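One file, work06.cif, carrying mmCIF, C-alpha atoms:
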data_data
loop_
_atom_site.label_atom_id
_atom_site.label_comp_id
_atom_site.auth_asym_id
_atom_site.auth_seq_id
_atom_site.Cartn_x
_atom_site.Cartn_y
_atom_site.Cartn_z
CA MET A 1 30.96 53.33 -144.75
CA ILE A 2 31.89 52.88 -141.09
CA VAL A 3 35.57 53.40 -141.94
CA LEU A 4 34.79 56.70 -143.69
CA LEU A 5 32.64 57.79 -140.76
CA THR A 6 35.41 56.95 -138.29
CA LEU A 7 37.94 58.90 -140.37
CA LEU A 8 35.61 61.90 -140.41
CA LEU A 9 35.15 61.68 -136.63
CA CYS A 10 38.91 61.46 -136.04
CA GLY A 11 39.39 64.50 -138.29
CA GLY A 12 36.78 66.29 -136.18
CA ILE A 13 38.73 65.41 -133.02
CA LEU A 14 41.90 66.87 -134.57
CA ILE A 15 40.15 70.06 -135.75
CA SER A 16 38.48 70.66 -132.40
CA GLY A 17 41.73 70.04 -130.53
CA VAL A 18 43.54 72.62 -132.68
CA LEU A 19 40.65 75.05 -132.17
CA ALA A 20 40.74 74.53 -128.39
CA VAL A 21 44.37 75.62 -128.42
CA GLN A 22 44.09 78.44 -130.97
CA LEU A 23 40.87 80.26 -130.06
CA ASP A 24 41.00 83.52 -128.16
CA SER A 25 37.69 83.28 -126.31
CA LEU A 26 37.95 80.97 -123.31
CA VAL A 27 34.34 79.78 -123.54
CA SER A 28 34.77 78.84 -127.20
CA ALA A 29 37.93 76.91 -126.32
CA VAL A 30 36.03 74.99 -123.60
CA ILE A 31 33.25 74.19 -126.07
CA SER A 32 35.79 72.91 -128.61
CA ALA A 33 37.42 70.70 -125.99
CA GLY A 34 33.98 69.31 -125.17
CA LEU A 35 33.46 68.51 -128.85
CA ALA A 36 36.72 66.53 -128.90
CA SER A 37 35.55 64.24 -126.12
CA LEU A 38 32.08 64.04 -127.70
CA PHE A 39 33.52 62.66 -130.93
CA ALA A 40 35.89 60.41 -128.97
CA ALA A 41 32.86 58.79 -127.33
CA VAL A 42 31.39 57.98 -130.75
CA VAL A 43 34.73 56.48 -131.83
CA TYR A 44 34.67 54.32 -128.68
CA VAL A 45 31.25 53.05 -129.72
CA VAL A 46 32.69 52.19 -133.15
CA LEU A 47 35.45 50.28 -131.35
CA ALA A 48 32.75 48.24 -129.49
CA ALA A 49 33.33 49.68 -126.02
CA PRO A 50 29.99 51.14 -124.91
CA ASP A 51 30.92 51.41 -121.22
CA VAL A 52 33.99 53.51 -122.00
CA ALA A 53 31.87 55.62 -124.32
CA MET A 54 29.30 56.21 -121.57
CA THR A 55 32.00 57.29 -119.12
CA GLU A 56 33.62 59.55 -121.70
CA ALA A 57 30.30 61.17 -122.58
CA SER A 58 29.35 61.80 -118.97
CA ILE A 59 32.69 62.97 -117.62
CA GLY A 60 34.50 64.42 -120.62
CA SER A 61 31.64 66.15 -122.34
CA GLY A 62 29.33 66.92 -119.42
CA LEU A 63 31.17 67.30 -116.15
CA SER A 64 34.49 68.79 -117.30
CA THR A 65 32.73 71.47 -119.39
CA MET A 66 30.72 72.58 -116.37
CA ILE A 67 33.78 72.57 -114.09
CA PHE A 68 35.77 74.61 -116.63
CA LEU A 69 32.95 77.16 -116.95
CA TYR A 70 32.64 77.38 -113.15
CA ALA A 71 36.40 77.93 -112.87
CA ILE A 72 36.37 80.65 -115.54
CA ARG A 73 33.54 82.44 -113.75
CA LYS A 74 35.29 82.18 -110.37
CA THR A 75 38.65 83.46 -111.62
CA ARG A 76 37.10 86.35 -113.54
CA ASP A 77 35.18 87.52 -110.50
CA GLU A 78 38.39 87.87 -108.52
CA ASP A 79 40.04 90.19 -111.06
CA MET B 1 15.11 48.71 -149.08
CA VAL B 2 16.65 48.94 -145.62
CA ASP B 3 20.13 49.19 -147.15
CA ILE B 4 19.06 52.13 -149.31
CA VAL B 5 17.68 53.95 -146.28
CA ILE B 6 20.85 53.28 -144.27
CA ASN B 7 23.04 54.53 -147.12
CA ILE B 8 20.97 57.72 -147.40
CA ALA B 9 21.31 58.18 -143.63
CA PHE B 10 25.10 57.78 -143.87
CA VAL B 11 25.35 60.40 -146.63
CA LEU B 12 23.17 62.86 -144.70
CA ILE B 13 25.24 62.30 -141.54
CA PHE B 14 28.47 62.91 -143.49
CA PHE B 15 27.25 66.24 -144.84
CA SER B 16 25.82 67.37 -141.52
CA ILE B 17 29.05 66.60 -139.66
CA VAL B 18 31.03 68.54 -142.29
CA PHE B 19 28.73 71.56 -142.14
CA GLY B 20 28.65 71.49 -138.34
CA ILE B 21 32.45 71.49 -138.17
CA ILE B 22 32.58 74.35 -140.69
CA ARG B 23 30.21 76.38 -138.52
CA LEU B 24 32.33 75.53 -135.46
CA VAL B 25 35.50 76.73 -137.22
CA ILE B 26 34.23 79.96 -138.79
CA GLY B 27 31.65 80.90 -136.18
CA PRO B 28 32.57 84.42 -135.11
CA GLU B 29 30.60 84.46 -131.86
CA THR B 30 30.51 81.98 -128.99
CA VAL B 31 26.78 81.45 -129.55
CA ASP B 32 27.45 80.12 -133.07
CA ARG B 33 29.79 77.52 -131.61
CA VAL B 34 27.23 76.55 -128.96
CA VAL B 35 24.64 75.97 -131.68
CA ALA B 36 27.22 74.01 -133.71
CA ILE B 37 28.04 71.71 -130.78
CA ASP B 38 24.35 71.18 -130.09
CA LEU B 39 23.85 70.15 -133.73
CA LEU B 40 26.89 67.84 -133.58
CA THR B 41 25.56 66.21 -130.41
CA ILE B 42 22.26 65.40 -132.10
CA ILE B 43 24.21 63.99 -135.06
CA ALA B 44 26.33 61.89 -132.69
CA ILE B 45 23.17 60.43 -131.14
CA ALA B 46 21.98 59.55 -134.64
CA VAL B 47 25.35 57.91 -135.41
CA ILE B 48 25.15 55.80 -132.26
CA GLY B 49 21.64 54.68 -133.14
CA LEU B 50 22.79 53.74 -136.63
CA LEU B 51 25.75 51.79 -135.24
CA ALA B 52 23.45 49.98 -132.82
CA HIS B 53 21.33 48.88 -135.77
CA LEU B 54 24.34 47.86 -137.88
CA ALA B 55 26.09 45.91 -135.12
CA ASN B 56 22.82 44.38 -133.82
CA ARG B 57 23.76 45.30 -130.27
CA TYR B 58 21.04 47.31 -128.60
CA ILE B 59 23.13 48.02 -125.52
CA TYR B 60 24.56 50.90 -127.59
CA LEU B 61 21.26 52.72 -127.28
CA ASP B 62 21.96 53.24 -123.57
CA VAL B 63 25.01 55.25 -124.58
CA ALA B 64 22.77 57.40 -126.79
CA LEU B 65 20.41 57.92 -123.85
CA VAL B 66 23.17 59.08 -121.50
CA TYR B 67 24.52 61.23 -124.30
CA GLY B 68 21.24 63.02 -124.89
CA LEU B 69 20.73 63.82 -121.21
CA LEU B 70 24.24 65.10 -120.62
CA SER B 71 24.56 67.14 -123.81
CA PHE B 72 21.36 68.95 -122.83
CA LEU B 73 22.92 69.74 -119.44
CA GLY B 74 26.14 70.93 -121.10
CA VAL B 75 24.36 73.35 -123.44
CA LEU B 76 22.26 74.54 -120.49
CA ALA B 77 25.42 75.20 -118.45
CA VAL B 78 26.97 77.23 -121.28
CA ALA B 79 23.75 79.22 -121.71
CA ARG B 80 23.62 80.02 -117.99
CA PHE B 81 27.28 81.02 -118.11
CA LEU B 82 26.65 83.43 -120.99
CA GLU B 83 23.77 84.99 -119.06
CA LYS B 84 26.01 85.24 -115.95
CA GLY B 85 23.99 82.76 -113.94
CA ILE B 86 26.58 80.20 -112.83
#

Give the structure from this file in structure tokens form.
Amino acid sequence: MIVLLTLLLCGGILISGVLAVQLDSLVSAVISAGLASLFAAVVYVVLAAPDVAMTEASIGSGLSTMIFLYAIRKTRDED
Amino acid sequence: MVDIVINIAFVLIFFSIVFGIIRLVIGPETVDRVVAIDLLTIIAIAVIGLLAHLANRYIYLDVALVYGLLSFLGVLAVARFLEKGI
């Protein structure tokens, strides 16, 4: 069961990575990149590394999404 | 009895991850993808709780706690961005 779940999560990481490259809307691409790190944190928990998972969840999914959105807003205001 | 409940939870989590990813892929608007990632975050918290029960290590629940707080902040940041608040 855990192996199937891990395979599904790794497939989700692949799909969201491809979407982050392929999507036209910048906000949707940022959201997809956040989903990749969100699933990666769950895979870290499966691999018995809860501290790495906590760091990945806080930085990858929380902080980097906000910084990307802030950067998109700043660069669009200058156009 | 507990095994039956855990197997049912695994099957429900499988289907909800699949449907969430489908909504993320075909969602035409950005708002659809925001809702999909919010759903997938809740599912991820459920997965971490299930793994904490299966591995008998309750330190994993701290990860779920951090996860819930930060995913809420992430969705809030995207919502403020879409309403031109950031």

Checklist outcome for this item: In Å and to one decimal, atom CA of Ala33 of chain A is distant from atom CA of Val66 of chain B by 18.9 Å

Checklist entry - Mind pulling up the distance from atom CA of Leu54 of chain B to atom CA of Asn7 of chain B? => result 11.5 Å

Please return, as a compact mmCIF listing (two decimals) with C-alpha atoms, keeping the file's coordinate frame, all residues of chain A lying within 6 Å of chain B when only C-alpha atoms are considered.
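Generated file (out09.txt):
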# COMPACT_ATOMS: atom_id res chain seq x y z
CA SER A 28 34.77 78.84 -127.20
CA MET A 54 29.30 56.21 -121.57
CA GLY A 62 29.33 66.92 -119.42

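Nearest residue to Gly49 of chain B among A:Val42, A:Val27, A:Ser58, A:Cys10 is A:Val42, counting all atoms listed in the file.
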
Checklist entry - In Å, with one decimal, what is the gap from atom CA of Gly34 of chain A to atom CA of Ile42 of chain B? => result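 Atom-to-atom, atom CA of Gly34 of chain A and atom CA of Ile42 of chain B are spaced 14.2 Å apart.
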
Next on the checklist: Applying the PyMOL selection byres ((chain A and resi 17) around 12) to the file I just gave you, which residues come out? Please list them as a list in words.
Outcome noted: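 This file gives the following for the PyMOL selection byres ((chain A and resi 17) around 12): Cys10, Gly11, Gly12, Ile13, Leu14, Ile15, Ser16, Val18, Leu19, Ala20, Val21, Gln22, Leu23, Ser28, Ala29, Val30, Ile31, Ser32, Ala33, Gly34, Leu35, Ala36, Ser37, Leu38, Phe39 and Ala40 of chain A; Leu24 and Val25 of chain B.
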
Where's the centre, and what are the edge lengths in Å to one decimal, of a box along x, y and z enclosing all listed atoms of segment 18-37 of chain A padded 4 Å per side, as JSON?
{"center_x": 38.8, "center_y": 73.9, "center_z": -128.0, "size_x": 19.1, "size_y": 27.3, "size_z": 17.4}

Next on the checklist: Could you check the closest approach to Ile2 of chain A for each of A:Ser64, A:Ala57, A:Leu69, A:Val45 and tell me which residue wins, using all atoms listed in the file?
Outcome noted: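 So, comparing all the options, the nearest one is A:Val45.
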
Checklist entry - Nearest to Ser61 of chain A: which of A:Thr6, A:Ala41, A:Arg76, A:Leu47 is it, counting only C-alpha atoms? => result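 Comparing A:Thr6, A:Ala41, A:Arg76, A:Leu47 against Ser61 of chain A, the winner is A:Ala41.
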
Can you give me N, CA and C atoms for segment 4-34 of chain B, written as a PDB file, keeping the file's coordinate frame?
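What ended up in out-v1.pdb:
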ATOM      1  N   ILE B   4      19.138  50.810-148.656  1.00  0.00           N
ATOM      2  CA  ILE B   4      19.060  52.130-149.310  1.00  0.00           C
ATOM      3  C   ILE B   4      18.850  53.217-148.263  1.00  0.00           C
ATOM      4  N   VAL B   5      17.959  52.946-147.317  1.00  0.00           N
ATOM      5  CA  VAL B   5      17.680  53.950-146.280  1.00  0.00           C
ATOM      6  C   VAL B   5      18.921  54.191-145.423  1.00  0.00           C
ATOM      7  N   ILE B   6      19.655  53.109-145.101  1.00  0.00           N
ATOM      8  CA  ILE B   6      20.850  53.280-144.270  1.00  0.00           C
ATOM      9  C   ILE B   6      21.933  54.037-145.025  1.00  0.00           C
ATOM     10  N   ASN B   7      22.054  53.779-146.350  1.00  0.00           N
ATOM     11  CA  ASN B   7      23.040  54.530-147.120  1.00  0.00           C
ATOM     12  C   ASN B   7      22.685  56.009-147.198  1.00  0.00           C
ATOM     13  N   ILE B   8      21.401  56.308-147.382  1.00  0.00           N
ATOM     14  CA  ILE B   8      20.970  57.720-147.400  1.00  0.00           C
ATOM     15  C   ILE B   8      21.273  58.378-146.053  1.00  0.00           C
ATOM     16  N   ALA B   9      21.024  57.638-144.954  1.00  0.00           N
ATOM     17  CA  ALA B   9      21.310  58.180-143.630  1.00  0.00           C
ATOM     18  C   ALA B   9      22.795  58.459-143.445  1.00  0.00           C
ATOM     19  N   PHE B  10      23.648  57.544-143.972  1.00  0.00           N
ATOM     20  CA  PHE B  10      25.100  57.780-143.870  1.00  0.00           C
ATOM     21  C   PHE B  10      25.507  59.041-144.613  1.00  0.00           C
ATOM     22  N   VAL B  11      24.965  59.221-145.836  1.00  0.00           N
ATOM     23  CA  VAL B  11      25.350  60.400-146.630  1.00  0.00           C
ATOM     24  C   VAL B  11      24.890  61.679-145.931  1.00  0.00           C
ATOM     25  N   LEU B  12      23.664  61.673-145.399  1.00  0.00           N
ATOM     26  CA  LEU B  12      23.170  62.860-144.700  1.00  0.00           C
ATOM     27  C   LEU B  12      24.010  63.161-143.463  1.00  0.00           C
ATOM     28  N   ILE B  13      24.422  62.092-142.740  1.00  0.00           N
ATOM     29  CA  ILE B  13      25.240  62.300-141.540  1.00  0.00           C
ATOM     30  C   ILE B  13      26.608  62.866-141.899  1.00  0.00           C
ATOM     31  N   PHE B  14      27.191  62.356-143.028  1.00  0.00           N
ATOM     32  CA  PHE B  14      28.470  62.910-143.490  1.00  0.00           C
ATOM     33  C   PHE B  14      28.367  64.417-143.699  1.00  0.00           C
ATOM     34  N   PHE B  15      27.346  64.815-144.505  1.00  0.00           N
ATOM     35  CA  PHE B  15      27.250  66.240-144.840  1.00  0.00           C
ATOM     36  C   PHE B  15      26.953  67.072-143.602  1.00  0.00           C
ATOM     37  N   SER B  16      26.132  66.551-142.685  1.00  0.00           N
ATOM     38  CA  SER B  16      25.820  67.370-141.520  1.00  0.00           C
ATOM     39  C   SER B  16      27.001  67.491-140.575  1.00  0.00           C
ATOM     40  N   ILE B  17      27.834  66.454-140.484  1.00  0.00           N
ATOM     41  CA  ILE B  17      29.050  66.600-139.660  1.00  0.00           C
ATOM     42  C   ILE B  17      29.979  67.629-140.282  1.00  0.00           C
ATOM     43  N   VAL B  18      30.130  67.587-141.627  1.00  0.00           N
ATOM     44  CA  VAL B  18      31.030  68.540-142.290  1.00  0.00           C
ATOM     45  C   VAL B  18      30.546  69.970-142.096  1.00  0.00           C
ATOM     46  N   PHE B  19      29.236  70.192-142.281  1.00  0.00           N
ATOM     47  CA  PHE B  19      28.730  71.560-142.140  1.00  0.00           C
ATOM     48  C   PHE B  19      28.778  72.023-140.689  1.00  0.00           C
ATOM     49  N   GLY B  20      28.542  71.110-139.745  1.00  0.00           N
ATOM     50  CA  GLY B  20      28.650  71.490-138.340  1.00  0.00           C
ATOM     51  C   GLY B  20      30.063  71.880-137.961  1.00  0.00           C
ATOM     52  N   ILE B  21      31.057  71.141-138.487  1.00  0.00           N
ATOM     53  CA  ILE B  21      32.450  71.490-138.170  1.00  0.00           C
ATOM     54  C   ILE B  21      32.820  72.814-138.821  1.00  0.00           C
ATOM     55  N   ILE B  22      32.295  73.058-140.042  1.00  0.00           N
ATOM     56  CA  ILE B  22      32.580  74.350-140.690  1.00  0.00           C
ATOM     57  C   ILE B  22      32.009  75.498-139.865  1.00  0.00           C
ATOM     58  N   ARG B  23      30.789  75.320-139.354  1.00  0.00           N
ATOM     59  CA  ARG B  23      30.210  76.380-138.520  1.00  0.00           C
ATOM     60  C   ARG B  23      31.010  76.549-137.235  1.00  0.00           C
ATOM     61  N   LEU B  24      31.515  75.429-136.686  1.00  0.00           N
ATOM     62  CA  LEU B  24      32.330  75.530-135.460  1.00  0.00           C
ATOM     63  C   LEU B  24      33.623  76.287-135.744  1.00  0.00           C
ATOM     64  N   VAL B  25      34.215  76.080-136.936  1.00  0.00           N
ATOM     65  CA  VAL B  25      35.500  76.730-137.220  1.00  0.00           C
ATOM     66  C   VAL B  25      35.305  78.212-137.512  1.00  0.00           C
ATOM     67  N   ILE B  26      34.325  78.567-138.379  1.00  0.00           N
ATOM     68  CA  ILE B  26      34.230  79.960-138.790  1.00  0.00           C
ATOM     69  C   ILE B  26      33.298  80.777-137.934  1.00  0.00           C
ATOM     70  N   GLY B  27      32.643  80.153-136.944  1.00  0.00           N
ATOM     71  CA  GLY B  27      31.650  80.900-136.180  1.00  0.00           C
ATOM     72  C   GLY B  27      32.283  82.061-135.448  1.00  0.00           C
ATOM     73  N   PRO B  28      31.865  83.297-135.739  1.00  0.00           N
ATOM     74  CA  PRO B  28      32.570  84.420-135.110  1.00  0.00           C
ATOM     75  C   PRO B  28      32.229  84.566-133.629  1.00  0.00           C
ATOM     76  N   GLU B  29      30.999  84.263-133.252  1.00  0.00           N
ATOM     77  CA  GLU B  29      30.600  84.460-131.860  1.00  0.00           C
ATOM     78  C   GLU B  29      30.631  83.124-131.121  1.00  0.00           C
ATOM     79  N   THR B  30      30.571  83.209-129.787  1.00  0.00           N
ATOM     80  CA  THR B  30      30.510  81.980-128.990  1.00  0.00           C
ATOM     81  C   THR B  30      29.175  81.264-129.192  1.00  0.00           C
ATOM     82  N   VAL B  31      28.111  82.044-129.422  1.00  0.00           N
ATOM     83  CA  VAL B  31      26.780  81.450-129.550  1.00  0.00           C
ATOM     84  C   VAL B  31      26.702  80.555-130.783  1.00  0.00           C
ATOM     85  N   ASP B  32      27.401  80.951-131.866  1.00  0.00           N
ATOM     86  CA  ASP B  32      27.450  80.120-133.070  1.00  0.00           C
ATOM     87  C   ASP B  32      28.075  78.766-132.759  1.00  0.00           C
ATOM     88  N   ARG B  33      29.122  78.788-131.943  1.00  0.00           N
ATOM     89  CA  ARG B  33      29.790  77.520-131.610  1.00  0.00           C
ATOM     90  C   ARG B  33      28.913  76.674-130.691  1.00  0.00           C
ATOM     91  N   VAL B  34      28.145  77.329-129.820  1.00  0.00           N
ATOM     92  CA  VAL B  34      27.230  76.550-128.960  1.00  0.00           C
ATOM     93  C   VAL B  34      26.180  75.851-129.815  1.00  0.00           C
TER      94      VAL B  34
END
